[in-house]
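Trainee: Compact mmCIF, N, CA and C atoms, file target21.txt:
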# COMPACT_ATOMS: atom_id res chain seq x y z
N MET G 1 -9.24 -13.78 -20.05
CA MET G 1 -9.18 -12.36 -19.79
C MET G 1 -7.76 -11.94 -19.39
N TYR G 2 -7.11 -12.68 -18.47
CA TYR G 2 -5.73 -12.40 -18.08
C TYR G 2 -4.89 -13.62 -18.39
N SER G 3 -3.95 -13.47 -19.29
CA SER G 3 -3.10 -14.62 -19.63
C SER G 3 -1.84 -14.66 -18.79
N LYS G 4 -1.47 -13.51 -18.18
CA LYS G 4 -0.29 -13.45 -17.33
C LYS G 4 -0.62 -12.61 -16.09
N ILE G 5 -0.28 -13.17 -14.94
CA ILE G 5 -0.54 -12.51 -13.66
C ILE G 5 0.76 -12.37 -12.90
N VAL G 6 0.99 -11.19 -12.34
CA VAL G 6 2.11 -10.97 -11.42
C VAL G 6 1.53 -10.87 -10.02
N VAL G 7 2.09 -11.62 -9.09
CA VAL G 7 1.67 -11.53 -7.70
C VAL G 7 2.88 -11.14 -6.86
N ALA G 8 2.69 -10.08 -6.07
CA ALA G 8 3.77 -9.57 -5.22
C ALA G 8 3.68 -10.21 -3.84
N THR G 9 4.84 -10.53 -3.29
CA THR G 9 4.87 -11.12 -1.96
C THR G 9 6.02 -10.54 -1.14
N ASP G 10 5.74 -10.38 0.15
CA ASP G 10 6.79 -9.96 1.08
C ASP G 10 6.94 -10.99 2.20
N GLY G 11 6.25 -12.12 2.05
CA GLY G 11 6.35 -13.18 3.04
C GLY G 11 5.34 -13.08 4.17
N SER G 12 4.53 -12.03 4.19
CA SER G 12 3.55 -11.84 5.26
C SER G 12 2.34 -12.76 5.06
N GLU G 13 1.54 -12.86 6.10
CA GLU G 13 0.31 -13.65 6.02
C GLU G 13 -0.62 -13.07 4.95
N LEU G 14 -0.63 -11.78 4.81
CA LEU G 14 -1.43 -11.13 3.78
C LEU G 14 -0.95 -11.54 2.38
N SER G 15 0.35 -11.69 2.23
CA SER G 15 0.90 -12.14 0.95
C SER G 15 0.47 -13.57 0.64
N ILE G 16 0.37 -14.39 1.67
CA ILE G 16 -0.09 -15.77 1.47
C ILE G 16 -1.52 -15.75 0.91
N ARG G 17 -2.36 -14.86 1.45
CA ARG G 17 -3.72 -14.72 0.92
C ARG G 17 -3.69 -14.26 -0.54
N SER G 18 -2.78 -13.35 -0.85
CA SER G 18 -2.64 -12.88 -2.23
C SER G 18 -2.22 -14.01 -3.15
N LEU G 19 -1.31 -14.86 -2.69
CA LEU G 19 -0.87 -16.01 -3.49
C LEU G 19 -2.01 -16.98 -3.74
N ARG G 20 -2.82 -17.21 -2.72
CA ARG G 20 -3.97 -18.13 -2.89
C ARG G 20 -4.99 -17.53 -3.86
N THR G 21 -5.19 -16.22 -3.80
CA THR G 21 -6.07 -15.56 -4.75
C THR G 21 -5.51 -15.67 -6.16
N ALA G 22 -4.21 -15.47 -6.30
CA ALA G 22 -3.56 -15.60 -7.61
C ALA G 22 -3.70 -17.02 -8.14
N ALA G 23 -3.55 -18.02 -7.28
CA ALA G 23 -3.70 -19.41 -7.71
C ALA G 23 -5.11 -19.66 -8.21
N PHE G 24 -6.10 -19.17 -7.49
CA PHE G 24 -7.50 -19.33 -7.91
C PHE G 24 -7.73 -18.68 -9.27
N MET G 25 -7.27 -17.44 -9.42
CA MET G 25 -7.48 -16.73 -10.69
C MET G 25 -6.70 -17.39 -11.83
N ALA G 26 -5.50 -17.86 -11.55
CA ALA G 26 -4.70 -18.51 -12.59
C ALA G 26 -5.38 -19.77 -13.09
N ARG G 27 -5.98 -20.54 -12.18
CA ARG G 27 -6.71 -21.74 -12.60
C ARG G 27 -7.92 -21.35 -13.46
N GLN G 28 -8.65 -20.32 -13.05
CA GLN G 28 -9.83 -19.88 -13.79
C GLN G 28 -9.48 -19.37 -15.17
N GLU G 29 -8.40 -18.62 -15.25
CA GLU G 29 -8.01 -17.96 -16.50
C GLU G 29 -6.99 -18.76 -17.31
N LYS G 30 -6.49 -19.87 -16.72
CA LYS G 30 -5.39 -20.63 -17.34
C LYS G 30 -4.21 -19.70 -17.63
N ALA G 31 -3.90 -18.88 -16.63
CA ALA G 31 -2.88 -17.83 -16.77
C ALA G 31 -1.53 -18.28 -16.23
N ALA G 32 -0.49 -17.74 -16.81
CA ALA G 32 0.87 -17.90 -16.29
C ALA G 32 1.03 -16.96 -15.10
N VAL G 33 1.79 -17.41 -14.11
CA VAL G 33 1.98 -16.61 -12.90
C VAL G 33 3.47 -16.32 -12.71
N THR G 34 3.75 -15.07 -12.38
CA THR G 34 5.10 -14.67 -11.97
C THR G 34 4.98 -14.09 -10.58
N VAL G 35 5.78 -14.61 -9.66
CA VAL G 35 5.81 -14.13 -8.28
C VAL G 35 7.03 -13.23 -8.14
N VAL G 36 6.82 -12.06 -7.53
CA VAL G 36 7.92 -11.11 -7.36
C VAL G 36 8.04 -10.70 -5.89
N THR G 37 9.26 -10.61 -5.44
CA THR G 37 9.56 -9.98 -4.16
C THR G 37 10.66 -8.96 -4.41
N VAL G 38 10.58 -7.85 -3.71
CA VAL G 38 11.49 -6.73 -3.95
C VAL G 38 12.16 -6.35 -2.64
N THR G 39 13.47 -6.14 -2.71
CA THR G 39 14.20 -5.64 -1.54
C THR G 39 14.86 -4.33 -1.91
N SER G 40 14.75 -3.34 -1.02
CA SER G 40 15.24 -2.01 -1.36
C SER G 40 16.73 -1.81 -1.09
N GLY G 41 17.31 -2.55 -0.20
CA GLY G 41 18.75 -2.50 0.01
C GLY G 41 19.27 -1.19 0.56
N LEU G 42 20.57 -1.14 0.75
CA LEU G 42 21.24 0.05 1.27
C LEU G 42 22.26 0.60 0.30
N ILE G 43 22.18 0.16 -0.97
CA ILE G 43 23.18 0.59 -1.94
C ILE G 43 23.07 2.10 -2.11
N ALA G 44 24.18 2.77 -1.98
CA ALA G 44 24.19 4.23 -2.07
C ALA G 44 25.16 4.69 -3.14
N ALA G 45 24.88 5.84 -3.71
CA ALA G 45 25.83 6.44 -4.64
C ALA G 45 27.11 6.68 -3.87
N GLY G 46 28.21 6.51 -4.52
CA GLY G 46 29.48 6.71 -3.85
C GLY G 46 29.96 5.49 -3.10
N TYR G 47 29.39 4.35 -3.38
CA TYR G 47 29.75 3.10 -2.71
C TYR G 47 31.26 2.89 -2.74
N GLY G 48 31.88 3.19 -3.87
CA GLY G 48 33.31 2.97 -4.01
C GLY G 48 34.15 3.88 -3.14
N THR G 49 33.59 5.00 -2.67
CA THR G 49 34.37 5.93 -1.86
C THR G 49 34.17 5.72 -0.37
N MET G 50 33.34 4.76 0.01
CA MET G 50 33.10 4.49 1.43
C MET G 50 34.27 3.76 2.04
N GLY G 51 34.37 3.90 3.33
CA GLY G 51 35.38 3.13 4.03
C GLY G 51 35.05 1.66 4.01
N SER G 52 36.03 0.83 4.32
CA SER G 52 35.83 -0.62 4.24
C SER G 52 34.76 -1.11 5.22
N ALA G 53 34.64 -0.49 6.39
CA ALA G 53 33.64 -0.92 7.36
C ALA G 53 32.23 -0.68 6.81
N ALA G 54 32.00 0.49 6.22
CA ALA G 54 30.69 0.78 5.65
C ALA G 54 30.40 -0.15 4.48
N ALA G 55 31.39 -0.41 3.66
CA ALA G 55 31.21 -1.32 2.52
C ALA G 55 30.86 -2.72 3.00
N GLU G 56 31.49 -3.16 4.07
CA GLU G 56 31.20 -4.49 4.62
C GLU G 56 29.76 -4.58 5.12
N VAL G 57 29.28 -3.52 5.74
CA VAL G 57 27.89 -3.49 6.22
C VAL G 57 26.93 -3.59 5.04
N ILE G 58 27.20 -2.85 3.98
CA ILE G 58 26.33 -2.89 2.81
C ILE G 58 26.34 -4.26 2.16
N VAL G 59 27.50 -4.86 2.04
CA VAL G 59 27.60 -6.20 1.45
C VAL G 59 26.86 -7.21 2.32
N ALA G 60 27.02 -7.13 3.63
CA ALA G 60 26.32 -8.06 4.54
C ALA G 60 24.82 -7.86 4.45
N GLN G 61 24.37 -6.60 4.39
CA GLN G 61 22.94 -6.31 4.26
C GLN G 61 22.38 -6.88 2.95
N ALA G 62 23.11 -6.70 1.87
CA ALA G 62 22.66 -7.22 0.58
C ALA G 62 22.56 -8.74 0.62
N GLU G 63 23.50 -9.39 1.24
CA GLU G 63 23.46 -10.85 1.35
C GLU G 63 22.28 -11.30 2.20
N ALA G 64 22.03 -10.60 3.32
CA ALA G 64 20.89 -10.93 4.17
C ALA G 64 19.58 -10.75 3.43
N GLU G 65 19.47 -9.67 2.65
CA GLU G 65 18.25 -9.45 1.88
C GLU G 65 18.05 -10.51 0.81
N LYS G 66 19.14 -10.94 0.19
CA LYS G 66 19.05 -12.00 -0.82
C LYS G 66 18.56 -13.31 -0.19
N LEU G 67 19.10 -13.65 0.98
CA LEU G 67 18.66 -14.86 1.68
C LEU G 67 17.19 -14.76 2.08
N HIS G 68 16.79 -13.58 2.58
CA HIS G 68 15.39 -13.38 2.95
C HIS G 68 14.49 -13.51 1.72
N ALA G 69 14.89 -12.90 0.62
CA ALA G 69 14.09 -12.99 -0.61
C ALA G 69 13.96 -14.44 -1.07
N ASN G 70 15.03 -15.21 -0.97
CA ASN G 70 14.96 -16.63 -1.33
C ASN G 70 13.98 -17.38 -0.45
N ASP G 71 13.98 -17.07 0.86
CA ASP G 71 13.02 -17.70 1.78
C ASP G 71 11.59 -17.32 1.43
N VAL G 72 11.37 -16.04 1.12
CA VAL G 72 10.03 -15.56 0.75
C VAL G 72 9.54 -16.26 -0.52
N LEU G 73 10.41 -16.36 -1.50
CA LEU G 73 10.02 -17.00 -2.76
C LEU G 73 9.82 -18.50 -2.58
N GLN G 74 10.59 -19.14 -1.72
CA GLN G 74 10.39 -20.57 -1.46
C GLN G 74 9.04 -20.80 -0.78
N ALA G 75 8.69 -19.94 0.16
CA ALA G 75 7.37 -20.06 0.81
C ALA G 75 6.25 -19.86 -0.22
N ALA G 76 6.42 -18.91 -1.13
CA ALA G 76 5.43 -18.69 -2.18
C ALA G 76 5.32 -19.92 -3.08
N ARG G 77 6.46 -20.51 -3.42
CA ARG G 77 6.47 -21.71 -4.25
C ARG G 77 5.67 -22.83 -3.58
N THR G 78 5.86 -22.98 -2.30
CA THR G 78 5.13 -24.01 -1.56
C THR G 78 3.63 -23.79 -1.62
N VAL G 79 3.20 -22.55 -1.39
CA VAL G 79 1.76 -22.23 -1.44
C VAL G 79 1.19 -22.51 -2.82
N LEU G 80 1.88 -22.07 -3.86
CA LEU G 80 1.34 -22.26 -5.21
C LEU G 80 1.37 -23.72 -5.64
N LEU G 81 2.42 -24.44 -5.29
CA LEU G 81 2.46 -25.86 -5.65
C LEU G 81 1.35 -26.64 -4.95
N GLU G 82 1.05 -26.27 -3.70
CA GLU G 82 -0.07 -26.90 -2.99
C GLU G 82 -1.39 -26.63 -3.71
N SER G 83 -1.46 -25.55 -4.44
CA SER G 83 -2.66 -25.19 -5.20
C SER G 83 -2.60 -25.70 -6.63
N GLY G 84 -1.52 -26.42 -6.97
CA GLY G 84 -1.39 -26.98 -8.31
C GLY G 84 -0.92 -25.98 -9.36
N ILE G 85 -0.30 -24.90 -8.93
CA ILE G 85 0.14 -23.86 -9.86
C ILE G 85 1.66 -23.82 -9.92
N THR G 86 2.20 -23.81 -11.12
CA THR G 86 3.62 -23.56 -11.30
C THR G 86 3.78 -22.09 -11.67
N ALA G 87 4.93 -21.54 -11.35
CA ALA G 87 5.13 -20.11 -11.59
C ALA G 87 6.61 -19.82 -11.81
N ASP G 88 6.88 -18.62 -12.26
CA ASP G 88 8.23 -18.09 -12.31
C ASP G 88 8.41 -17.23 -11.06
N TYR G 89 9.63 -17.18 -10.55
CA TYR G 89 9.91 -16.47 -9.30
C TYR G 89 11.04 -15.48 -9.53
N VAL G 90 10.81 -14.23 -9.11
CA VAL G 90 11.76 -13.15 -9.39
C VAL G 90 12.04 -12.36 -8.11
N HIS G 91 13.32 -12.16 -7.85
CA HIS G 91 13.74 -11.23 -6.78
C HIS G 91 14.32 -10.01 -7.46
N VAL G 92 13.77 -8.84 -7.13
CA VAL G 92 14.29 -7.59 -7.65
C VAL G 92 15.01 -6.90 -6.48
N PRO G 93 16.34 -6.85 -6.52
CA PRO G 93 17.08 -6.19 -5.44
C PRO G 93 17.24 -4.70 -5.69
N ASP G 94 17.50 -3.98 -4.62
CA ASP G 94 17.89 -2.56 -4.69
C ASP G 94 16.89 -1.67 -5.42
N ARG G 95 15.62 -1.92 -5.19
CA ARG G 95 14.56 -1.08 -5.79
C ARG G 95 13.51 -0.81 -4.73
N GLU G 96 12.75 0.22 -4.94
CA GLU G 96 11.58 0.44 -4.10
C GLU G 96 10.55 -0.61 -4.52
N PRO G 97 9.77 -1.16 -3.58
CA PRO G 97 8.85 -2.25 -3.92
C PRO G 97 7.93 -1.95 -5.10
N ALA G 98 7.26 -0.81 -5.11
CA ALA G 98 6.33 -0.51 -6.20
C ALA G 98 7.04 -0.48 -7.55
N ASP G 99 8.22 0.13 -7.59
CA ASP G 99 8.97 0.20 -8.84
C ASP G 99 9.37 -1.19 -9.34
N GLY G 100 9.81 -2.05 -8.41
CA GLY G 100 10.20 -3.40 -8.79
C GLY G 100 9.02 -4.22 -9.29
N ILE G 101 7.88 -4.07 -8.65
CA ILE G 101 6.68 -4.80 -9.07
C ILE G 101 6.26 -4.37 -10.47
N ILE G 102 6.22 -3.06 -10.70
CA ILE G 102 5.85 -2.54 -12.02
C ILE G 102 6.86 -2.99 -13.07
N GLN G 103 8.14 -2.97 -12.74
CA GLN G 103 9.19 -3.41 -13.67
C GLN G 103 8.96 -4.85 -14.12
N VAL G 104 8.67 -5.74 -13.18
CA VAL G 104 8.44 -7.14 -13.53
C VAL G 104 7.16 -7.28 -14.34
N CYS G 105 6.12 -6.57 -13.96
CA CYS G 105 4.86 -6.62 -14.70
C CYS G 105 5.08 -6.25 -16.16
N GLU G 106 5.79 -5.17 -16.40
CA GLU G 106 6.05 -4.73 -17.77
C GLU G 106 6.95 -5.71 -18.52
N LYS G 107 7.94 -6.25 -17.83
CA LYS G 107 8.88 -7.18 -18.46
C LYS G 107 8.19 -8.46 -18.94
N VAL G 108 7.26 -8.99 -18.13
CA VAL G 108 6.60 -10.24 -18.52
C VAL G 108 5.32 -10.00 -19.30
N GLY G 109 4.90 -8.75 -19.42
CA GLY G 109 3.68 -8.45 -20.16
C GLY G 109 2.42 -8.90 -19.45
N ALA G 110 2.42 -8.77 -18.12
CA ALA G 110 1.26 -9.21 -17.34
C ALA G 110 0.08 -8.27 -17.54
N GLY G 111 -1.11 -8.83 -17.44
CA GLY G 111 -2.32 -8.05 -17.57
C GLY G 111 -2.98 -7.76 -16.24
N LEU G 112 -2.39 -8.30 -15.14
CA LEU G 112 -2.98 -8.12 -13.81
C LEU G 112 -1.88 -8.24 -12.77
N ILE G 113 -1.95 -7.38 -11.76
CA ILE G 113 -1.09 -7.47 -10.58
C ILE G 113 -1.98 -7.80 -9.40
N ILE G 114 -1.54 -8.76 -8.59
CA ILE G 114 -2.26 -9.10 -7.35
C ILE G 114 -1.29 -8.86 -6.20
N MET G 115 -1.77 -8.14 -5.19
CA MET G 115 -0.93 -7.86 -4.03
C MET G 115 -1.80 -7.57 -2.83
N GLY G 116 -1.20 -7.62 -1.67
CA GLY G 116 -1.92 -7.33 -0.44
C GLY G 116 -1.78 -5.88 -0.04
N SER G 117 -2.70 -5.45 0.82
CA SER G 117 -2.62 -4.13 1.43
C SER G 117 -3.06 -4.26 2.87
N HIS G 118 -2.28 -3.67 3.76
CA HIS G 118 -2.61 -3.74 5.17
C HIS G 118 -3.73 -2.80 5.56
N GLY G 119 -4.12 -1.93 4.64
CA GLY G 119 -5.23 -1.03 4.91
C GLY G 119 -4.94 0.00 5.97
N ARG G 120 -3.70 0.46 6.04
CA ARG G 120 -3.35 1.48 7.03
C ARG G 120 -4.07 2.79 6.71
N ARG G 121 -4.39 3.51 7.76
CA ARG G 121 -5.07 4.79 7.60
C ARG G 121 -4.42 5.82 8.52
N GLY G 122 -4.75 7.06 8.29
CA GLY G 122 -4.33 8.14 9.17
C GLY G 122 -2.82 8.26 9.30
N LEU G 123 -2.37 8.46 10.53
CA LEU G 123 -0.96 8.69 10.81
C LEU G 123 -0.10 7.51 10.39
N GLN G 124 -0.58 6.30 10.60
CA GLN G 124 0.18 5.12 10.19
C GLN G 124 0.47 5.14 8.69
N ARG G 125 -0.53 5.48 7.90
CA ARG G 125 -0.33 5.53 6.45
C ARG G 125 0.63 6.66 6.08
N LEU G 126 0.48 7.80 6.76
CA LEU G 126 1.35 8.94 6.49
C LEU G 126 2.81 8.57 6.79
N LEU G 127 3.06 7.89 7.89
CA LEU G 127 4.42 7.55 8.29
C LEU G 127 4.97 6.37 7.50
N LEU G 128 4.15 5.37 7.26
CA LEU G 128 4.62 4.14 6.62
C LEU G 128 4.38 4.11 5.12
N GLY G 129 3.47 4.94 4.63
CA GLY G 129 3.16 4.92 3.20
C GLY G 129 2.37 3.68 2.84
N SER G 130 2.11 3.54 1.59
CA SER G 130 1.37 2.38 1.12
C SER G 130 1.94 1.95 -0.22
N GLU G 131 2.57 0.80 -0.23
CA GLU G 131 3.10 0.27 -1.50
C GLU G 131 1.95 -0.02 -2.46
N ALA G 132 0.82 -0.47 -1.93
CA ALA G 132 -0.33 -0.74 -2.79
C ALA G 132 -0.77 0.53 -3.51
N THR G 133 -0.80 1.65 -2.79
CA THR G 133 -1.16 2.92 -3.41
C THR G 133 -0.16 3.31 -4.49
N HIS G 134 1.13 3.10 -4.21
CA HIS G 134 2.15 3.41 -5.21
C HIS G 134 1.97 2.55 -6.46
N VAL G 135 1.71 1.26 -6.27
CA VAL G 135 1.51 0.37 -7.43
C VAL G 135 0.27 0.81 -8.20
N LEU G 136 -0.82 1.11 -7.50
CA LEU G 136 -2.03 1.58 -8.17
C LEU G 136 -1.75 2.83 -9.00
N THR G 137 -0.94 3.71 -8.47
CA THR G 137 -0.62 4.96 -9.16
C THR G 137 0.22 4.73 -10.40
N LEU G 138 1.19 3.82 -10.31
CA LEU G 138 2.13 3.60 -11.40
C LEU G 138 1.66 2.60 -12.46
N SER G 139 0.79 1.70 -12.09
CA SER G 139 0.42 0.59 -12.97
C SER G 139 -0.42 1.02 -14.16
N LYS G 140 -0.11 0.38 -15.30
CA LYS G 140 -0.90 0.58 -16.51
C LYS G 140 -1.91 -0.56 -16.68
N VAL G 141 -1.87 -1.54 -15.77
CA VAL G 141 -2.80 -2.68 -15.84
C VAL G 141 -3.60 -2.73 -14.54
N PRO G 142 -4.70 -3.47 -14.52
CA PRO G 142 -5.49 -3.58 -13.29
C PRO G 142 -4.67 -4.17 -12.13
N VAL G 143 -5.00 -3.71 -10.93
CA VAL G 143 -4.35 -4.19 -9.70
C VAL G 143 -5.44 -4.70 -8.77
N LEU G 144 -5.33 -5.96 -8.39
CA LEU G 144 -6.27 -6.54 -7.43
C LEU G 144 -5.62 -6.51 -6.06
N ILE G 145 -6.25 -5.78 -5.14
CA ILE G 145 -5.73 -5.63 -3.78
C ILE G 145 -6.46 -6.61 -2.87
N VAL G 146 -5.68 -7.42 -2.17
CA VAL G 146 -6.23 -8.42 -1.26
C VAL G 146 -6.04 -7.89 0.17
N LYS G 147 -7.10 -7.95 0.97
CA LYS G 147 -7.01 -7.51 2.37
C LYS G 147 -7.27 -8.67 3.29
When written as structure tokens, how does the structure in this file appear?

Mentor:
Amino acid sequence: MYSKIVVATDGSELSIRSLRTAAFMARQEKAAVTVVTVTSGLIAAGYGTMGSAAAEVIVAQAEAEKLHANDVLQAARTVLLESGITADYVHVPDREPADGIIQVCEKVGAGLIIMGSHGRRGLQRLLLGSEATHVLTLSKVPVLIVK
């Protein structure tokens, strides 16, 4: 049914559950798995016109996000290898999470996205938003939300 699955991770415990769900489904479907993590960064238009101090902050932030993304993907690799699943791993920098997830899904031709949702409601959801809701809105393929 699904020959390619994209699973989104941010390194949280909920993401670990999503990875385990993806491993289970990949074994059942004999599907290829792509793991994606997205960092939004601080890159701004006009980067070249900023002072050197501001540029240094942006460069340091980008490097920190890259290191964090590598740690997140390494943790995902460990979870999937423990489940007997090999996967491709992608870091999408300087994007909003939902946009990056959809971009990878379309690029690899995945038929399913698996991701976690914290299930925020009320004021928390209004203030923090929901990446899961954004992915559901943008996706052209089914999205499995793990809670």

Trainee: Looking at only C-alpha atoms, which of G:Leu112, G:Ala76, G:Leu14, G:Leu138 is the one that sits closest to Glu29 (chain G)?

Mentor: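 Using only C-alpha atoms, Glu29 (chain G) sits closest to G:Leu112.
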
Trainee: Which of region 52-121 of chain G end up as strand (DSSP E or B) when DSSP is run on this backbone - answer as a ChimeraX atom specification?

Mentor: /G:88-93,112-116

Trainee: Please compute the atom N of Val135 (chain G)-atom N of Ile101 (chain G) distance, one decimal, in Å.

Mentor: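 Atom N of Val135 (chain G) sits 8.5 Å away from atom N of Ile101 (chain G).
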
Trainee: Enter the distance from CA of Met115 (chain G) to CA of Ser83 (chain G), in Å, rounded to one decimal.

Mentor: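 Answer for the CA of Met115 (chain G) to CA of Ser83 (chain G) separation: 17.5 Å.
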
Trainee: Write out as a ChimeraX atom specification the set of residues from chain G that DSSP, computed on the backbone, places in helix (DSSP H, G or I).

Mentor: /G:13-29,47-49,52-82,97-108,122-128,131-138

Trainee: May I ask which of the residues G:Ala54, G:Val146, G:Ala132, G:Val104 is the closest one to Ser15 (chain G), counting all atoms listed in the file?

Mentor: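 Going through G:Ala54, G:Val146, G:Ala132, G:Val104 one by one, the smallest distance to Ser15 (chain G) is for G:Val146.
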
Trainee: To one decimal in Å, tell me the separation between atom C of Asp88 (chain G) and atom C of Lys147 (chain G).

Mentor: 22.9 Å

Trainee: Name the residues in contact with Ser139 (chain G) at a cut-off of 10 Å, using only C-alpha atoms, excluding same-chain residues fewer than 5 positions from it; report them as a PyMOL selection string.

Mentor: chain G and resi 98-99+101-103+105-106+112-113+133-134

Trainee: For Val141 (chain G), which residue among G:Ser117, G:Ser12, G:Ala110, G:Ser40 is the nearest when counting only C-alpha atoms?

Mentor: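 Checking each candidate against Val141 (chain G), we get G:Ala110 as the closest.
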
Trainee: Counting only C-alpha atoms, which residue out of G:Arg77, G:Arg95, G:Lys66, G:Lys4 sits closest to Val33 (chain G)?

Mentor: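 Looking at the shortest contact to Val33 (chain G), the residue is G:Lys4.
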
Trainee: Would you please work out which residue, of G:Pro142, G:Pro93, G:Gly84, G:Gly116, is nearest to Thr9 (chain G) when using only N, CA and C atoms?

Mentor: G:Gly116

Trainee: Please list as a PyMOL selection string every residue within 7 Å of Ala32 (chain G), counting only C-alpha atoms and excluding residues in the same chain fewer than 2 positions away.

Mentor: chain G and resi 3-5+26+30+34+87

Trainee: Filtering to N, CA and C atoms, could you give me those residues as an mmCIF file, in the frame of the given file?

Mentor:
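Wrote it out as part_9.cif, contents follow:
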data_model
loop_
_atom_site.group_PDB
_atom_site.id
_atom_site.type_symbol
_atom_site.label_atom_id
_atom_site.label_comp_id
_atom_site.auth_asym_id
_atom_site.auth_seq_id
_atom_site.Cartn_x
_atom_site.Cartn_y
_atom_site.Cartn_z
ATOM 1 N N SER G 3 -3.950 -13.470 -19.290
ATOM 2 C CA SER G 3 -3.100 -14.620 -19.630
ATOM 3 C C SER G 3 -1.840 -14.660 -18.790
ATOM 4 N N LYS G 4 -1.470 -13.510 -18.180
ATOM 5 C CA LYS G 4 -0.290 -13.450 -17.330
ATOM 6 C C LYS G 4 -0.620 -12.610 -16.090
ATOM 7 N N ILE G 5 -0.280 -13.170 -14.940
ATOM 8 C CA ILE G 5 -0.540 -12.510 -13.660
ATOM 9 C C ILE G 5 0.760 -12.370 -12.900
ATOM 10 N N ALA G 26 -5.500 -17.860 -11.550
ATOM 11 C CA ALA G 26 -4.700 -18.510 -12.590
ATOM 12 C C ALA G 26 -5.380 -19.770 -13.090
ATOM 13 N N LYS G 30 -6.490 -19.870 -16.720
ATOM 14 C CA LYS G 30 -5.390 -20.630 -17.340
ATOM 15 C C LYS G 30 -4.210 -19.700 -17.630
ATOM 16 N N THR G 34 3.750 -15.070 -12.380
ATOM 17 C CA THR G 34 5.100 -14.670 -11.970
ATOM 18 C C THR G 34 4.980 -14.090 -10.580
ATOM 19 N N ALA G 87 4.930 -21.540 -11.350
ATOM 20 C CA ALA G 87 5.130 -20.110 -11.590
ATOM 21 C C ALA G 87 6.610 -19.820 -11.810
#

Trainee: When you count only C-alpha atoms, which of these residues is closest to Leu81 (chain G): G:Leu19, G:Gln28, G:Gly100, G:Met1?

Mentor: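 Between G:Leu19, G:Gln28, G:Gly100, G:Met1, the residue approaching Leu81 (chain G) most closely is G:Leu19.
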